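Next comes final_5.tsv, a file with TSV, C-alpha atoms.
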```
chain	number	residue	atom	x	y	z
A	1	MET	CA	84.76	188.33	32.61
A	2	PHE	CA	84.94	191.37	30.30
A	3	ALA	CA	87.19	192.50	27.49
A	4	LEU	CA	87.42	195.22	24.89
A	5	ALA	CA	88.57	193.97	21.50
A	6	SER	CA	89.98	195.94	18.58
A	7	GLU	CA	89.87	192.87	16.30
A	8	PRO	CA	86.89	190.68	15.31
A	9	ILE	CA	85.56	188.54	18.15
A	10	ASP	CA	86.53	184.86	17.86
A	11	VAL	CA	83.23	183.40	19.04
A	12	ALA	CA	84.27	179.75	18.54
A	13	SER	CA	87.32	180.08	20.81
A	14	ILE	CA	85.44	181.96	23.49
A	15	ARG	CA	82.56	179.51	23.43
A	16	GLN	CA	85.00	176.60	23.77
A	17	SER	CA	86.65	178.26	26.78
A	18	MET	CA	83.26	178.41	28.52
A	19	VAL	CA	82.28	174.74	28.19
A	20	ARG	CA	81.74	173.04	31.56
A	21	GLN	CA	80.76	169.44	32.13
A	22	ASP	CA	78.66	170.34	35.16
A	23	CYS	CA	76.44	172.77	33.22
A	24	GLY	CA	73.65	172.23	30.75
A	25	GLY	CA	72.68	175.82	29.96
A	26	PHE	CA	74.55	178.24	27.72
A	27	ALA	CA	72.93	181.46	26.55
A	28	THR	CA	74.54	184.01	24.28
A	29	PHE	CA	73.77	187.36	22.82
A	30	GLU	CA	75.44	188.80	19.73
A	31	GLY	CA	74.92	192.40	18.73
A	32	TRP	CA	75.64	192.90	15.02
A	33	VAL	CA	76.31	196.04	13.02
A	34	ARG	CA	73.16	196.61	10.97
A	35	ASP	CA	72.67	198.71	7.85
A	36	PHE	CA	69.81	200.89	9.10
A	37	ASN	CA	69.08	202.84	12.26
A	38	GLU	CA	66.26	205.23	13.09
A	39	GLY	CA	65.25	205.69	9.46
A	40	ARG	CA	68.76	206.20	8.07
A	41	PRO	CA	71.00	203.83	6.08
A	42	VAL	CA	74.19	203.05	8.02
A	43	MET	CA	77.49	202.18	6.27
A	44	ARG	CA	79.68	201.33	9.29
A	45	LEU	CA	80.21	202.07	12.99
A	46	GLN	CA	83.00	203.24	15.21
A	47	TYR	CA	83.13	202.46	18.92
A	48	GLU	CA	85.25	204.24	21.50
A	49	ALA	CA	85.57	203.49	25.19
A	50	PHE	CA	87.18	204.68	28.37
A	51	PRO	CA	88.96	201.32	28.88
A	52	GLU	CA	89.75	201.45	32.59
A	53	LEU	CA	86.27	202.55	33.60
A	54	ALA	CA	84.58	200.28	31.04
A	55	LYS	CA	86.35	197.22	32.43
A	56	LEU	CA	85.65	198.22	36.03
A	57	GLU	CA	81.93	198.78	35.43
A	58	ALA	CA	81.53	195.65	33.29
A	59	GLU	CA	83.24	193.55	35.95
A	60	ARG	CA	80.77	194.98	38.48
A	61	ILE	CA	77.92	193.93	36.22
A	62	ALA	CA	79.34	190.40	35.92
A	63	LEU	CA	79.64	190.14	39.70
A	64	GLU	CA	76.06	191.37	40.09
A	65	ALA	CA	74.90	188.71	37.62
A	66	ASN	CA	76.75	186.06	39.63
A	67	ASN	CA	74.96	187.22	42.78
A	68	LEU	CA	71.50	187.61	41.21
A	69	PHE	CA	71.29	184.46	39.09
A	70	PRO	CA	72.31	180.80	39.55
A	71	ILE	CA	75.14	180.90	37.00
A	72	ARG	CA	78.65	179.47	36.84
A	73	LYS	CA	80.43	181.68	34.31
A	74	VAL	CA	79.83	184.92	32.41
A	75	MET	CA	81.88	186.57	29.67
A	76	ALA	CA	81.28	189.76	27.72
A	77	ILE	CA	83.33	191.29	24.93
A	78	HIS	CA	82.73	194.63	23.25
A	79	ARG	CA	84.46	195.79	20.10
A	80	ILE	CA	86.15	199.15	19.81
A	81	GLY	CA	87.42	200.84	16.66
A	82	SER	CA	85.88	200.68	13.20
A	83	LEU	CA	83.34	197.94	12.42
A	84	GLU	CA	81.79	196.97	9.11
A	85	LEU	CA	78.23	195.81	8.51
A	86	THR	CA	77.36	192.40	10.03
A	87	GLU	CA	80.41	192.33	12.33
A	88	ILE	CA	79.78	191.41	15.95
A	89	ALA	CA	79.90	194.57	18.06
A	90	VAL	CA	79.16	192.95	21.41
A	91	TRP	CA	79.06	189.35	22.59
A	92	VAL	CA	77.79	188.00	25.92
A	93	GLY	CA	77.87	184.38	27.03
A	94	VAL	CA	76.55	182.87	30.26
A	95	VAL	CA	76.90	179.30	31.53
A	96	ALA	CA	74.57	177.81	34.14
A	97	VAL	CA	73.45	174.43	35.35
A	98	HIS	CA	70.00	175.13	33.85
A	99	ARG	CA	68.86	177.28	30.91
A	100	GLU	CA	66.67	179.70	32.89
A	101	GLY	CA	69.57	181.15	34.86
A	102	ALA	CA	71.67	181.44	31.71
A	103	PHE	CA	68.91	183.23	29.77
A	104	ASP	CA	68.03	185.63	32.58
A	105	ALA	CA	71.64	186.51	33.38
A	106	CYS	CA	72.54	186.99	29.72
A	107	ARG	CA	69.75	189.51	29.27
A	108	TYR	CA	70.69	191.28	32.49
A	109	VAL	CA	74.36	191.56	31.46
A	110	ILE	CA	73.72	192.98	27.97
A	111	ASP	CA	71.08	195.40	29.26
A	112	GLU	CA	73.39	196.70	31.98
A	113	ILE	CA	76.40	196.96	29.66
A	114	LYS	CA	74.39	199.08	27.22
A	115	ARG	CA	73.08	201.22	30.05
A	116	ARG	CA	76.15	201.69	32.28
A	117	VAL	CA	79.44	200.99	30.52
A	118	PRO	CA	81.19	204.02	28.96
A	119	ILE	CA	81.31	202.88	25.33
A	120	TRP	CA	80.27	205.32	22.61
A	121	LYS	CA	79.00	204.56	19.12
A	122	LYS	CA	79.48	206.72	16.05
A	123	GLU	CA	77.35	205.84	13.05
A	124	PHE	CA	78.49	206.63	9.50
A	125	PHE	CA	75.51	207.16	7.22
A	126	ALA	CA	75.04	206.60	3.48
A	127	ASP	CA	74.64	210.34	2.88
A	128	GLY	CA	78.22	210.94	4.08
A	129	SER	CA	77.27	212.31	7.50
A	130	ALA	CA	78.23	210.79	10.83
A	131	ALA	CA	76.89	211.13	14.36
A	132	TRP	CA	77.61	209.88	17.84
A	133	THR	CA	74.47	208.06	18.91
A	134	ARG	CA	72.85	206.78	22.05
A	135	CYS	CA	69.83	204.55	22.32
A	136	GLU	CA	67.74	206.88	24.48
A	137	HIS	CA	64.57	204.78	24.15
A	138	CYS	CA	66.52	201.67	25.29
A	139	ALA	CA	67.45	203.36	28.57
A	140	VAL	CA	63.83	204.44	29.14
A	141	GLU	CA	62.51	200.92	28.42
A	142	HIS	CA	65.14	199.44	30.72
A	143	GLU	CA	64.13	201.75	33.59
A	144	ARG	CA	60.49	200.71	33.15
A	145	GLU	CA	61.42	197.00	33.26
A	146	HIS	CA	63.55	197.23	36.38
```
Render the structure in this file as structure tokens.
Amino acid sequence: MFALASEPIDVASIRQSMVRQDCGGFATFEGWVRDFNEGRPVMRLQYEAFPELAKLEAERIALEANNLFPIRKVMAIHRIGSLELTEIAVWVGVVAVHREGAFDACRYVIDEIKRRVPIWKKEFFADGSAAWTRCEHCAVEHEREH
């Protein structure tokens, strides 16, 4: 249900492993490394995680999604290590009989991963500086929504 990957995510293989004949809905989310954040040009990212706790918490999130939404399968993968621009940093896929459950669960899973799973992002900027970052406004928006 959850994995950390130090190599690029093979979306085609993962997608194929999720295909089910009894389901008609498949929703995915891909988070890409972008070249700009909070007014600063970004050159690359580095992700670090506490693997044991990250897997445990992400598995909890997947189980919650299974209990909250009418879905059949959920998978999430987060990269660790150094990532270049446009690489996939995080991928979430959800399979359900109908699209609504897949959409809703996919959003729930990515929101909860970003909020609860111990994965840290370091941004390397064009000016040569680097900083560990956290999306503080994302957590505030999430709390308002839920």
Proximity check segment 63-91 of chain A to segment 54-59 of chain A, 9 Å, nearest pairs one decimal Å, all atoms listed in the file, as a Markdown table:
```
| residue | atom | partner | partner_atom | distance |
| --- | --- | --- | --- | --- |
| A:Leu63 | CA | A:Glu59 | CA | 6.2 |
| A:Glu64 | CA | A:Glu59 | CA | 8.6 |
| A:Ala76 | CA | A:Ala58 | CA | 8.1 |
```
TODO: Counting all atoms listed in the file, write as a list in words all protein and nucleic acid residues lying at most 9 Å from (85.9, 201.2, 20.2) in the file's frame.
DONE: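 These residues have at least one counted atom within 9 Å: Leu4, Ala5, Ser6, Gln46, Tyr47, Glu48, Ala49, Phe50, His78, Arg79, Ile80, Gly81, Ser82, Leu83, Ile119, Trp120 and Lys121 of chain A.
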Open item on the list: Env of segment 92-96 of chain A: 12 Å cut, atoms = only C-alpha atoms, seq-sep filter 6 positions within chain, self excluded. Answer as an MDAnalysis selection string.
Closed with: chainID A and resid 1:3 9 11:12 14:31 58 61:62 65:66 69:79 102:114
Open item on the list: Can you measure atom CA of Trp91 of chain A to atom CA of Gly39 of chain A for me? One decimal in Å is fine.
Closed with: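 Separation of atom CA of Trp91 of chain A and atom CA of Gly39 of chain A: 25.1 Å.
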Open item on the list: For a quick check of understanding, using all atoms listed in the file, which of A:Leu45, A:Ile88, A:Val97, A:Val33 has the smallest distance to Glu123 of chain A?
Closed with: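 When distances to Glu123 of chain A are compared using all atoms listed in the file, the smallest one comes from A:Leu45.
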Taking all listed atoms of segment 31-40 of chain A, build the axis-aligned box, pad each of the six sides by 3 Å, then write its centre and edge lengths in Å to one decimal as AutoDock Vina command-line options.
```
--center_x 70.8 --center_y 199.3 --center_z 13.3 --size_x 17.1 --size_y 19.8 --size_z 16.9
```
Task: Length of the atom CA of Glu7 of chain A to atom CA of Met43 of chain A vector [Å] - done: 18.5 Å
Task: One-decimal distance in Å that lies between atom CA of Ala89 of chain A and atom CA of Phe125 of chain A - done: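 Atom CA of Ala89 of chain A lies at a distance of 17.2 Å from atom CA of Phe125 of chain A.
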TODO: Find, counting all atoms listed in the file, the residue in A:Gly128, A:Pro8, A:Gly101, A:Pro118 that gets nearest to Trp32 of chain A.
DONE: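 Result for the nearest residue to Trp32 of chain A: A:Pro8.
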Could segment 87-105 of chain A be completed with N, CA and C atoms and written as a short mmCIF file (atom, residue, chain, number, x, y, z; two decimals), keeping the file's coordinate frame, please?
```
data_model
loop_
_atom_site.label_atom_id
_atom_site.label_comp_id
_atom_site.auth_asym_id
_atom_site.auth_seq_id
_atom_site.Cartn_x
_atom_site.Cartn_y
_atom_site.Cartn_z
N GLU A 87 79.43 192.75 11.31
CA GLU A 87 80.41 192.33 12.33
C GLU A 87 79.75 192.31 13.70
N ILE A 88 80.29 191.48 14.58
CA ILE A 88 79.78 191.41 15.95
C ILE A 88 80.37 192.58 16.73
N ALA A 89 79.48 193.42 17.27
CA ALA A 89 79.90 194.57 18.06
C ALA A 89 80.02 194.22 19.54
N VAL A 90 79.14 193.36 20.00
CA VAL A 90 79.16 192.95 21.41
C VAL A 90 78.71 191.49 21.50
N TRP A 91 79.38 190.75 22.38
CA TRP A 91 79.06 189.35 22.59
C TRP A 91 79.00 189.09 24.09
N VAL A 92 77.95 188.39 24.51
CA VAL A 92 77.79 188.00 25.92
C VAL A 92 77.48 186.51 25.95
N GLY A 93 78.14 185.80 26.84
CA GLY A 93 77.87 184.38 27.03
C GLY A 93 77.74 184.08 28.52
N VAL A 94 76.77 183.24 28.87
CA VAL A 94 76.55 182.87 30.26
C VAL A 94 76.33 181.36 30.34
N VAL A 95 77.01 180.73 31.30
CA VAL A 95 76.90 179.30 31.53
C VAL A 95 76.23 179.08 32.88
N ALA A 96 75.28 178.15 32.91
CA ALA A 96 74.57 177.81 34.14
C ALA A 96 74.22 176.33 34.12
N VAL A 97 73.87 175.82 35.28
CA VAL A 97 73.45 174.43 35.35
C VAL A 97 72.19 174.23 34.51
N HIS A 98 71.26 175.20 34.58
CA HIS A 98 70.00 175.13 33.85
C HIS A 98 69.82 176.35 32.96
N ARG A 99 69.01 176.23 31.92
CA ARG A 99 68.86 177.28 30.91
C ARG A 99 68.27 178.58 31.46
N GLU A 100 67.34 178.49 32.41
CA GLU A 100 66.67 179.70 32.89
C GLU A 100 67.66 180.72 33.46
N GLY A 101 68.57 180.25 34.30
CA GLY A 101 69.57 181.15 34.86
C GLY A 101 70.46 181.75 33.78
N ALA A 102 70.83 180.95 32.80
CA ALA A 102 71.67 181.44 31.71
C ALA A 102 70.95 182.51 30.90
N PHE A 103 69.68 182.25 30.53
CA PHE A 103 68.91 183.23 29.77
C PHE A 103 68.74 184.54 30.54
N ASP A 104 68.30 184.43 31.78
CA ASP A 104 68.03 185.63 32.58
C ASP A 104 69.29 186.46 32.81
N ALA A 105 70.39 185.79 33.13
CA ALA A 105 71.64 186.51 33.38
C ALA A 105 72.18 187.14 32.11
#
```
